[in-house]
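Peer 1: I am attaching a structure below and will ask some questions about it afterwards.
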Amino acid sequence: MQAVQNIPIELGVNIDHIATLRQARGTSYPDLIEAAFLVEEAGANAITIHLREDRRHIQDQDVYDLRKTIKTRMNLELAATDEMVKIACDVHPEDACVVPEKREELTTEGGLDVIGQFNRILKTTKTLTANDIRVSLFIEPNIEHIKRVLEIGAPVIELHTGTYANATGDAQQKELDRIIEASEFAHDQGIHVNAGHGLDYSNTTEIAQIPQMRELNIGHSIISRAIFVGISKATSQILELMHQARN
Ligand code: PXP
């Protein structure tokens, strides 16, 4: 294993559910631009949004509007479809995270099928990379899947932490061990390691403690806490947790 030298850990705040609230009533509020501004002011390193095929929360116009105002980095989550790749190439986010997408799911339910969908993901990665967009592939913490990512040539992975987040006791420890092993393997191969999904104020410390981890993408728990303490405090509290985990 390669030595890991003080890799700083960053936070991408997923603001999709600000749009979920807005879409619930078809109003113009809560305002995504204001949300992204406050989250950045509170210290977040990136704004993450997922333009879903069914447009259930983020709308096309949001992506273009946010592109003009985000001061940190835009991390655009997208399915590996021609429609989404075209939009990404037009909007030109700093980062694009390719995710699997099923219409009927409540949220992204697992990592990409980098074996079965190899050619489609390869084509998507090549097109985005050719447009100077840094590609991250959202995958399960699985060594075989990381080997496929190496063949595809994506520089970044985001490890799916949903199974870890939903588990308890020994099962959770086992899943954490898988995430640690996958992080070490990917880092040794020169891949940047991010993680996300289901992370909250009670389960983020263990993931942030993984020294190879570069970025956590967190949405639902931050936006939920924001209802009670405000989005600035909800963001700074998770950042504090992450930074404490590294000390
Ligand atoms: N990372 C990816 C790739 C996702 O699809 C999502 C959900 O959109 C998240 C992170 C954030 O997950 P959560 O809302 O559970 O924090």
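Residues are referred to by chain and number: the chain letter is A, B, ... according to the order shown in the structure tokens, the number counts from 1 in that chain, and ligands are numbered separately from 1 in the order shown.
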List as a compact mmCIF listing (two decimals) with all heavy atoms, in the first residue's frame the protein and nucleic acid residues near stretch 10-13 of chain A, meaning an atom at most 6 Å away when only C-alpha atoms are counted, but skip any in the same chain fewer than 2 places from it.
Peer 2:
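Final output, selection_36.txt:
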```
# COMPACT_ATOMS: atom_id res chain seq x y z
N ALA A 44 -18.51 24.69 2.08
CA ALA A 44 -18.56 23.52 1.19
C ALA A 44 -17.62 23.73 0.00
O ALA A 44 -17.38 24.87 -0.42
CB ALA A 44 -19.98 23.27 0.69
N ASN A 45 -17.10 22.64 -0.52
CA ASN A 45 -16.12 22.72 -1.61
C ASN A 45 -16.73 22.50 -2.98
O ASN A 45 -16.06 22.71 -4.01
CB ASN A 45 -15.03 21.67 -1.40
CG ASN A 45 -14.42 21.76 -0.01
OD1 ASN A 45 -14.85 21.08 0.90
ND2 ASN A 45 -13.46 22.65 0.16
N ALA A 46 -17.96 22.03 -3.02
CA ALA A 46 -18.62 21.79 -4.30
C ALA A 46 -20.13 21.74 -4.10
O ALA A 46 -20.61 21.44 -3.00
CB ALA A 46 -18.14 20.47 -4.92
N ILE A 47 -20.85 22.03 -5.17
CA ILE A 47 -22.31 21.90 -5.17
C ILE A 47 -22.64 20.75 -6.11
O ILE A 47 -22.23 20.74 -7.28
CB ILE A 47 -23.00 23.20 -5.67
CG1 ILE A 47 -22.61 24.40 -4.80
CG2 ILE A 47 -24.50 23.01 -5.75
CD1 ILE A 47 -23.08 24.36 -3.37
N THR A 48 -23.36 19.76 -5.56
CA THR A 48 -23.72 18.59 -6.34
C THR A 48 -25.20 18.63 -6.67
O THR A 48 -26.03 18.94 -5.81
CB THR A 48 -23.39 17.31 -5.52
OG1 THR A 48 -21.98 17.29 -5.28
CG2 THR A 48 -23.80 16.05 -6.24
N ARG A 214 -11.20 11.68 -0.52
CA ARG A 214 -10.98 13.08 -0.93
C ARG A 214 -12.23 13.94 -0.84
O ARG A 214 -12.14 15.15 -0.66
CB ARG A 214 -10.47 13.14 -2.37
CG ARG A 214 -9.06 12.63 -2.48
CD ARG A 214 -8.59 12.67 -3.91
NE ARG A 214 -7.31 12.00 -4.01
CZ ARG A 214 -6.14 12.63 -3.98
NH1 ARG A 214 -6.08 13.92 -3.87
NH2 ARG A 214 -5.02 11.93 -4.06
N GLU A 215 -13.39 13.32 -1.05
CA GLU A 215 -14.61 14.14 -1.07
C GLU A 215 -15.80 13.29 -0.67
O GLU A 215 -15.92 12.14 -1.10
CB GLU A 215 -14.82 14.70 -2.48
CG GLU A 215 -16.09 15.53 -2.64
CD GLU A 215 -16.19 16.13 -4.04
OE1 GLU A 215 -15.31 16.92 -4.42
OE2 GLU A 215 -17.15 15.78 -4.76
N LEU A 216 -16.67 13.88 0.15
CA LEU A 216 -17.93 13.21 0.47
C LEU A 216 -19.05 14.05 -0.13
O LEU A 216 -19.06 15.28 0.00
CB LEU A 216 -18.11 13.10 1.99
CG LEU A 216 -17.01 12.35 2.74
CD1 LEU A 216 -17.34 12.27 4.23
CD2 LEU A 216 -16.80 10.94 2.16
N ASN A 217 -19.99 13.38 -0.79
CA ASN A 217 -21.15 14.06 -1.33
C ASN A 217 -22.36 13.70 -0.48
O ASN A 217 -22.75 12.53 -0.41
CB ASN A 217 -21.36 13.68 -2.80
CG ASN A 217 -20.39 14.45 -3.67
OD1 ASN A 217 -20.43 15.69 -3.69
ND2 ASN A 217 -19.50 13.75 -4.33
N ILE A 218 -22.91 14.72 0.16
CA ILE A 218 -23.97 14.50 1.15
C ILE A 218 -25.13 15.45 0.85
O ILE A 218 -24.92 16.64 0.63
CB ILE A 218 -23.44 14.72 2.58
CG1 ILE A 218 -22.15 13.89 2.81
CG2 ILE A 218 -24.51 14.37 3.61
CD1 ILE A 218 -21.53 14.05 4.19
N GLY A 219 -26.35 14.89 0.85
CA GLY A 219 -27.50 15.72 0.52
C GLY A 219 -28.63 15.64 1.52
O GLY A 219 -28.86 16.57 2.30
```
Peer 1: Excluding A:Lys126 and its own-chain neighbours fewer than 3 positions away, which residues fall within 12 Å of it when counting only C-alpha atoms? Please give them as an MDAnalysis selection string.
Peer 2: chainID A and resid 80 85 89 119:123 129:136 151:155
Peer 1: Produce as a PyMOL selection string the set of residues near ligand 1, where near means within 6 Å with only C-alpha atoms and all ligand atoms considered.
Peer 2: chain A and resi 14+99+108+138+196-199+217-221
Peer 1: Let's have the selection written as a CSV table (one decimal), in the first residue's frame, with N, CA and C atoms.
Peer 2:
```
chain,number,residue,atom,x,y,z
A,14,ASN,N,-25.2,18.1,-1.8
A,14,ASN,CA,-26.2,17.8,-2.8
A,14,ASN,C,-27.4,18.6,-2.5
A,99,VAL,N,-24.0,8.0,-12.8
A,99,VAL,CA,-24.7,7.2,-11.8
A,99,VAL,C,-25.7,6.3,-12.6
A,108,THR,N,-30.9,7.0,-5.9
A,108,THR,CA,-30.0,6.1,-6.6
A,108,THR,C,-29.8,4.9,-5.7
A,138,PHE,N,-19.7,6.3,-10.1
A,138,PHE,CA,-20.3,5.9,-8.9
A,138,PHE,C,-20.4,4.4,-8.8
A,196,GLY,N,-20.2,8.6,-1.1
A,196,GLY,CA,-21.5,9.3,-0.9
A,196,GLY,C,-22.7,8.3,-0.9
A,197,HIS,N,-23.7,8.8,-0.4
A,197,HIS,CA,-25.1,8.2,-0.3
A,197,HIS,C,-25.4,7.7,1.1
A,198,GLY,N,-26.4,8.3,1.7
A,198,GLY,CA,-26.9,7.9,3.0
A,198,GLY,C,-26.0,8.4,4.1
A,199,LEU,N,-25.1,9.2,3.9
A,199,LEU,CA,-24.2,9.7,5.0
A,199,LEU,C,-24.9,10.8,5.8
A,217,ASN,N,-20.0,13.4,-0.8
A,217,ASN,CA,-21.2,14.1,-1.3
A,217,ASN,C,-22.4,13.7,-0.5
A,218,ILE,N,-22.9,14.7,0.2
A,218,ILE,CA,-24.0,14.5,1.1
A,218,ILE,C,-25.1,15.4,0.9
A,219,GLY,N,-26.4,14.9,0.8
A,219,GLY,CA,-27.5,15.7,0.5
A,219,GLY,C,-28.6,15.6,1.5
A,220,HIS,N,-29.3,14.5,1.5
A,220,HIS,CA,-30.6,14.4,2.2
A,220,HIS,C,-30.5,14.8,3.7
A,221,SER,N,-29.4,14.3,4.4
A,221,SER,CA,-29.3,14.6,5.8
A,221,SER,C,-29.0,16.1,6.1
```
Peer 1: Using DSSP on the backbone, list every residue of stretch 10-50 of chain A that comes out as strand (DSSP E or B), and give them as a list in words.
Peer 2: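 Reading the DSSP output for stretch 10-50 of chain A, strand (DSSP E or B) covers Glu10, Leu11, Gly12, Val13, Asn14, Ala46, Ile47, Thr48, Ile49 and His50 of chain A.
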Peer 1: Just want the 12 Å neighbourhood of A:Ala19, counted on only C-alpha atoms, with same-chain residues fewer than 3 positions away dropped. Output as an MDAnalysis selection string.
Peer 2: chainID A and resid 14:16 22:36 49:52 55:63 219:220 223
Peer 1: Within 7 Å of stretch 229-244 of chain A, counting only C-alpha atoms, which residues show up once you throw out same-chain ones fewer than 5 positions away? Write them as a PyMOL selection string, please.
Peer 2: chain A and resi 38-39+42-43+201+205+208+222-223
Peer 1: Can you write out the residues you just picked, keeping N, CA, C and O atoms, as a short mmCIF file (atom, residue, chain, number, x, y, z; two decimals), in the first residue's frame?
Peer 2:
```cif
data_model
loop_
_atom_site.label_atom_id
_atom_site.label_comp_id
_atom_site.auth_asym_id
_atom_site.auth_seq_id
_atom_site.Cartn_x
_atom_site.Cartn_y
_atom_site.Cartn_z
N LEU A 38 -25.31 30.01 0.18
CA LEU A 38 -25.14 29.84 1.63
C LEU A 38 -24.26 28.63 1.96
O LEU A 38 -23.44 28.67 2.88
N VAL A 39 -24.43 27.56 1.18
CA VAL A 39 -23.64 26.34 1.39
C VAL A 39 -22.16 26.62 1.11
O VAL A 39 -21.28 26.20 1.87
N ALA A 42 -20.67 28.67 3.84
CA ALA A 42 -20.45 27.86 5.06
C ALA A 42 -19.23 26.95 4.91
O ALA A 42 -18.87 26.25 5.86
N GLY A 43 -18.62 26.94 3.74
CA GLY A 43 -17.35 26.20 3.60
C GLY A 43 -17.38 24.98 2.70
O GLY A 43 -16.36 24.29 2.59
N TYR A 201 -25.15 12.67 10.13
CA TYR A 201 -24.35 13.18 11.25
C TYR A 201 -23.89 12.05 12.19
O TYR A 201 -23.05 12.26 13.04
N THR A 205 -18.31 10.08 10.28
CA THR A 205 -16.96 10.09 10.86
C THR A 205 -16.10 8.93 10.37
O THR A 205 -14.97 9.12 9.93
N ALA A 208 -15.07 9.49 6.82
CA ALA A 208 -14.11 10.61 6.70
C ALA A 208 -12.74 10.22 7.25
O ALA A 208 -11.72 10.81 6.87
N ILE A 222 -28.26 16.72 5.22
CA ILE A 222 -27.96 18.15 5.42
C ILE A 222 -29.22 18.99 5.20
O ILE A 222 -29.55 19.86 6.00
N ILE A 223 -29.93 18.68 4.12
CA ILE A 223 -31.14 19.47 3.81
C ILE A 223 -32.21 19.23 4.89
O ILE A 223 -32.93 20.14 5.29
#
```
Peer 1: Tell me which of A:Glu184, A:Glu94, A:Glu101, A:Asp65 sits closest to A:Glu53, counting only C-alpha atoms.
Peer 2: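 Closest residue, counting only C-alpha atoms: A:Glu101.
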Peer 1: Using DSSP on the backbone coordinates, identify the residues of stretch 130-205 of chain A assigned to alpha helix (DSSP H); present them as a ChimeraX atom specification.
Peer 2: /A:130,143-152,162-166,169-188,204-205
Peer 1: Env of A:Gln5: 12 Å cut, atoms = only C-alpha atoms, seq-sep filter 4 positions within chain, self excluded. Answer as a PyMOL selection string.
Peer 2: chain A and resi 9+187+210-214+246
Peer 1: Skipping near chain neighbours, those fewer than 4 positions away, what residues fall within 10 Å of A:Ile157 using only C-alpha atoms, listed as a PyMOL selection string?
Peer 2: chain A and resi 97-98+135-141+146+149+183+186-187+191-195
Peer 1: Atom CA of A:Glu83 to atom CA of A:Asp54: how many Å, to one decimal?
Peer 2: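 Those two atoms sit 12.1 Å apart.
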Peer 1: What is the distance between atom CA of A:Ala165 and atom CA of A:Asp177, in Å to one decimal?
Peer 2: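 Separating atom CA of A:Ala165 from atom CA of A:Asp177 is a distance of 13.0 Å.
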Peer 1: Considering only C-alpha atoms, state which residue in the set A:Leu128, A:Met84, A:Leu78, A:Ile207 is at the smallest distance from A:Leu112.
Peer 2: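 Smallest separation from A:Leu112 among the options: A:Leu78.
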Peer 1: In Å to one decimal, how far is atom CA of A:Phe185 from atom CA of A:Ala88?
Peer 2: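 A separation of 29.3 Å between them.
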